[in-house]
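Participant: One file: my_file.cif (mmCIF, C-alpha atoms and all ligand atoms).
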```cif
data_model
#
loop_
_atom_site.label_atom_id
_atom_site.label_comp_id
_atom_site.auth_asym_id
_atom_site.auth_seq_id
_atom_site.Cartn_x
_atom_site.Cartn_y
_atom_site.Cartn_z
CA MET A 1 129.52 45.83 93.18
CA ILE A 2 128.75 48.82 95.35
CA ASN A 3 125.21 48.75 96.72
CA PHE A 4 122.79 51.63 97.13
CA PHE A 5 123.55 52.10 100.82
CA GLU A 6 127.34 52.20 100.28
CA LYS A 7 126.80 54.72 97.51
CA CYS A 8 124.85 56.92 99.92
CA ILE A 9 127.66 56.87 102.48
CA ASN A 10 130.49 57.45 100.00
CA PHE A 11 128.90 60.51 98.47
CA SER A 12 127.75 62.25 101.59
CA MET A 13 130.77 61.49 103.73
CA SER A 14 133.14 62.93 101.14
CA LEU A 15 131.14 66.11 100.75
CA ALA A 16 130.39 66.46 104.43
CA SER A 17 134.06 66.17 105.34
CA LYS A 18 134.91 69.24 103.25
CA GLY A 19 135.36 72.52 105.06
CA PHE A 20 133.67 73.14 108.37
CA MET A 21 136.67 75.22 109.40
CA GLY A 22 137.09 78.97 109.55
CA LYS A 23 134.28 81.45 109.90
CA LYS A 24 131.86 80.01 107.38
CA ALA A 25 130.80 76.70 105.86
CA SER A 26 132.20 75.70 102.48
CA ALA A 27 129.96 76.37 99.45
CA ASP A 28 129.41 72.59 98.99
CA ALA A 29 128.37 72.15 102.63
CA LYS A 30 125.94 75.07 102.26
CA ARG A 31 124.51 73.61 99.02
CA LEU A 32 123.89 70.28 100.76
CA ARG A 33 122.29 72.06 103.71
CA ALA A 34 120.06 74.02 101.32
CA LEU A 35 118.98 70.76 99.66
CA SER A 36 118.38 69.11 103.05
CA CYS A 37 116.19 71.96 104.28
CA PHE A 38 114.50 73.29 101.13
CA GLY A 39 114.60 70.37 98.68
CA ASN A 40 114.18 71.20 94.99
CA ASP A 41 112.07 70.19 91.98
CA ALA A 42 112.79 66.48 92.68
CA ILE A 43 113.15 66.42 96.48
CA SER A 44 110.42 67.65 98.84
CA PRO A 45 111.21 70.31 101.48
CA CYS A 46 111.99 69.14 105.01
CA PRO A 47 108.75 68.73 106.98
CA HIS A 48 110.31 70.87 109.75
CA LEU A 49 110.98 73.87 107.49
CA MET A 50 108.89 76.79 108.77
CA LYS A 51 108.05 80.11 107.10
CA SER A 52 109.03 83.02 109.31
CA LYS A 53 106.28 85.31 110.60
CA HIS A 54 108.73 88.22 110.87
CA PHE A 55 111.15 87.87 107.96
CA ASP A 56 111.03 86.94 104.29
CA SER A 57 112.77 83.63 105.02
CA HIS A 58 112.46 80.27 106.81
CA TYR A 59 113.68 78.70 110.04
CA CYS A 60 113.99 75.17 111.41
CA GLY A 61 110.96 74.21 113.47
CA ALA A 62 112.68 71.19 115.02
CA CYS A 63 115.84 72.66 116.57
CA GLY A 64 114.02 74.60 119.28
CA CYS A 65 115.66 77.98 118.53
CA GLY A 66 112.48 79.56 117.17
CA ASP A 67 111.84 82.35 114.68
CA LYS A 68 114.62 84.85 115.44
CA PRO A 69 116.97 87.01 113.35
CA HIS A 70 119.97 84.67 113.78
CA THR A 71 117.98 81.44 113.18
CA GLN A 72 116.93 82.19 109.58
CA LEU A 73 118.04 79.53 107.05
CA THR A 74 119.06 81.91 104.28
CA VAL A 75 120.54 80.34 101.13
CA LYS A 76 121.09 83.40 98.95
CA GLY A 77 121.47 86.41 101.19
CA GLU A 78 124.04 89.15 101.55
CA LYS A 79 123.86 88.70 105.29
CA TYR A 80 125.60 85.87 107.15
CA GLY A 81 122.90 83.37 108.18
CA LYS A 82 122.51 80.12 110.04
CA LEU A 83 123.37 77.95 107.01
CA ASP A 84 126.74 79.76 106.85
CA TYR A 85 127.88 78.63 110.31
CA PRO A 86 130.82 76.24 109.91
CA TYR A 87 129.57 74.07 112.77
CA LEU A 88 125.81 73.54 112.52
CA THR A 89 123.75 70.58 113.64
CA CYS A 90 120.43 69.33 112.25
CA PRO A 91 117.87 67.47 114.39
CA LEU A 92 117.52 64.93 111.55
CA LYS A 93 121.32 64.67 111.04
CA MET A 94 120.91 65.48 107.37
CA PRO A 95 123.70 65.75 104.75
CA GLY A 96 125.74 68.95 104.90
CA PHE A 97 125.37 69.39 108.67
CA SER A 98 128.17 68.82 111.20
CA ASN A 99 126.34 65.97 112.94
CA TYR A 100 125.42 64.26 109.63
CA SER A 101 124.73 60.57 110.00
CA PRO A 102 124.08 58.31 106.96
CA ALA A 103 120.61 56.86 106.48
CA ASP A 104 119.90 53.84 108.63
CA PRO A 105 120.34 50.70 106.47
CA ARG A 106 117.03 49.37 107.86
CA GLU A 107 115.28 52.48 106.54
CA VAL A 108 117.10 52.90 103.24
CA SER A 109 114.63 53.57 100.49
CA GLU A 110 115.07 55.42 97.22
CA ASN A 111 112.09 57.54 98.30
CA SER A 112 113.46 58.74 101.61
CA ARG A 113 114.64 62.35 101.57
CA LYS A 114 117.96 61.51 103.20
CA CYS A 115 118.78 58.84 100.64
CA GLN A 116 117.70 61.03 97.74
CA ILE A 117 120.13 63.71 98.93
CA GLU A 118 122.90 61.20 99.68
CA VAL A 119 122.91 60.03 96.06
CA TYR A 120 122.25 63.45 94.54
CA ASP A 121 124.26 64.17 91.41
CA VAL A 122 127.45 66.10 92.29
CA ILE A 123 127.30 68.13 89.05
CA ARG A 124 123.69 69.16 89.71
CA LEU A 125 124.62 70.05 93.28
CA GLN A 126 126.94 72.74 91.90
CA GLU A 127 123.91 74.33 90.18
CA ILE A 128 122.37 75.25 93.54
CA GLU A 129 123.03 78.96 93.92
CA VAL A 130 124.37 79.97 97.30
CA THR A 131 126.08 83.09 98.60
CA SER A 132 129.03 83.07 100.97
CA PRO A 133 128.80 86.22 103.14
CA ASP A 134 131.43 87.05 105.75
CA PRO A 135 130.15 87.41 109.32
CA SER A 136 130.36 90.63 111.28
CA GLU A 137 132.21 90.36 114.61
CA GLU A 138 128.85 90.25 116.42
CA GLU A 139 127.50 87.48 114.17
CA TYR A 140 130.71 85.51 114.62
CA MET A 141 130.37 85.74 118.42
CA VAL A 142 126.78 84.42 118.19
CA PHE A 143 127.98 81.56 116.00
CA GLN A 144 130.74 80.65 118.48
CA LYS A 145 128.27 80.58 121.39
CA LEU A 146 125.81 78.40 119.45
CA SER A 147 128.64 76.17 118.28
CA LYS A 148 129.83 75.52 121.86
CA LEU A 149 126.24 74.87 122.94
CA GLY A 150 125.73 72.44 120.05
CA LYS A 151 128.97 70.54 120.76
CA SER A 152 128.24 70.23 124.47
CA THR A 153 124.81 68.70 123.74
CA GLN A 154 126.09 66.23 121.13
CA PRO A 155 125.70 62.56 122.09
CA LYS A 156 129.11 60.94 122.77
S1 LIG B 1 115.39 69.40 110.56
FE1 LIG B 1 117.38 69.70 109.52
S2 LIG B 1 116.87 69.63 107.34
FE2 LIG B 1 114.96 69.98 108.45
S3 LIG B 1 114.70 72.24 108.48
FE3 LIG B 1 115.75 71.61 110.37
S4 LIG B 1 117.94 71.87 109.91
FE4 LIG B 1 116.84 71.81 107.95
#
```
With the file now loaded, output its structure as structure tokens.
Ligand code: SF4

Facilitator:
Amino acid sequence: MINFFEKCINFSMSLASKGFMGKKASADAKRLRALSCFGNDAISPCPHLMKSKHFDSHYCGACGCGDKPHTQLTVKGEKYGKLDYPYLTCPLKMPGFSNYSPADPREVSENSRKCQIEVYDVIRLQEIEVTSPDPSEEEYMVFQKLSKLGKSTQPK
């Protein structure tokens, strides 16, 4: 019988492997990212999620990029945002991000945020409303620069 940890890996690996190609993340990847950062009625928000002082949105306080126009984690915007980048890393390697890494078996607990998201119901995941804006040329150039930076700093 499949155990809780195997269930976590199966679910998240299959969703995470879908669509990080092209100019924007797949809708499923963006939904998982939204859940990882913002949580919902059952899952608490990430402790690193920060409210912007300049915009009506949030940014990641752990990635070191700060509170800037292109670092806003917008889920439902008309403008292309950080969660739309096809290649995007998360300091906690949460589900939906390009550097996703399953929960450590020594730390698996049904209460940990990562595990809660790893076993999240696929049907309910589809209920998370996301937009899928196309990037402008300028936004796409920013994404490519950040993407190269992210890949070069990835552990081998
Ligand atoms: S650490 Fe990861 S999950 Fe948390 S706010 Fe940053 S990008 Fe989102």

Participant: Quick one: distance from atom CA of Ser112 of chain A to atom CA of Gly66 of chain A in Å, one decimal?

Facilitator: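 Those two atoms sit 26.0 Å apart.
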
Participant: Find the nearest atom pair between each residue of segment 111-142 of chain A and segment 79-82 of chain A for residues within 10 Å, count all atoms listed in the file, give distances in Å to one decimal, sort rows by chain and ascending number, and present the table as CSV.

Facilitator:
```
residue,atom,partner,partner_atom,distance
A:Thr131,CA,A:Tyr80,CA,9.0
A:Ser132,CA,A:Tyr80,CA,7.6
A:Pro133,CA,A:Tyr80,CA,5.1
A:Asp134,CA,A:Tyr80,CA,6.1
A:Pro135,CA,A:Tyr80,CA,5.3
A:Ser136,CA,A:Tyr80,CA,7.9
A:Glu139,CA,A:Tyr80,CA,7.4
A:Tyr140,CA,A:Tyr80,CA,9.1
```

Participant: Mind listing the residues within 7 Å of ligand LIG 1 (chain B), only C-alpha atoms and all ligand atoms counted, as a PyMOL selection string?

Facilitator: chain A and resi 33+36-37+46-49+59-63+90-94

Participant: Pick out the closest residue to Met50 of chain A from this set: A:Ala27, A:Ala103, A:Ile123, A:Cys65. Count all atoms listed in the file.

Facilitator: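 Once distances to Met50 of chain A are computed over all atoms listed in the file, the minimum belongs to A:Cys65.
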
Participant: When you draw a straight line from atom CA of Phe97 of chain A to atom CA of Leu32 of chain A, how long is it in Å?

Facilitator: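 Spanning atom CA of Phe97 of chain A to atom CA of Leu32 of chain A is a straight-line distance of 8.1 Å.
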
Participant: In Å, how far is it from atom CA of His58 of chain A to atom CA of Thr71 of chain A?

Facilitator: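 Interatomic distance here is 8.5 Å.
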
Participant: Work out where the centre of an axis-aligned box around every listed atom of segment 51-61 of chain A lies and how long its edges are once 5 Å is added on each side; give both in Å to one decimal as JSON.

Facilitator:
```
{"center_x": 110.1, "center_y": 81.2, "center_z": 108.9, "size_x": 17.7, "size_y": 24.0, "size_z": 19.2}
```

Participant: Name the closest residue to Ile117 of chain A among the candidates A:Asn99, A:Ser44, A:Gln144, A:Thr74; distances are taken between atoms, counting all atoms listed in the file.

Facilitator: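 Going through A:Asn99, A:Ser44, A:Gln144, A:Thr74 one by one, the smallest distance to Ile117 of chain A is for A:Ser44.
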
Participant: Tell me which of A:Phe38, A:Tyr120, A:Phe55, A:Tyr87 sits closest to Asp67 of chain A, counting all atoms listed in the file.

Facilitator: A:Phe55

Participant: Using all atoms listed in the file, find the one residue out of A:Leu125, A:Pro102, A:Lys114, A:Ala34 that sits nearest to Lys76 of chain A.

Facilitator: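 Among the listed residues, A:Ala34 lies closest to Lys76 of chain A.
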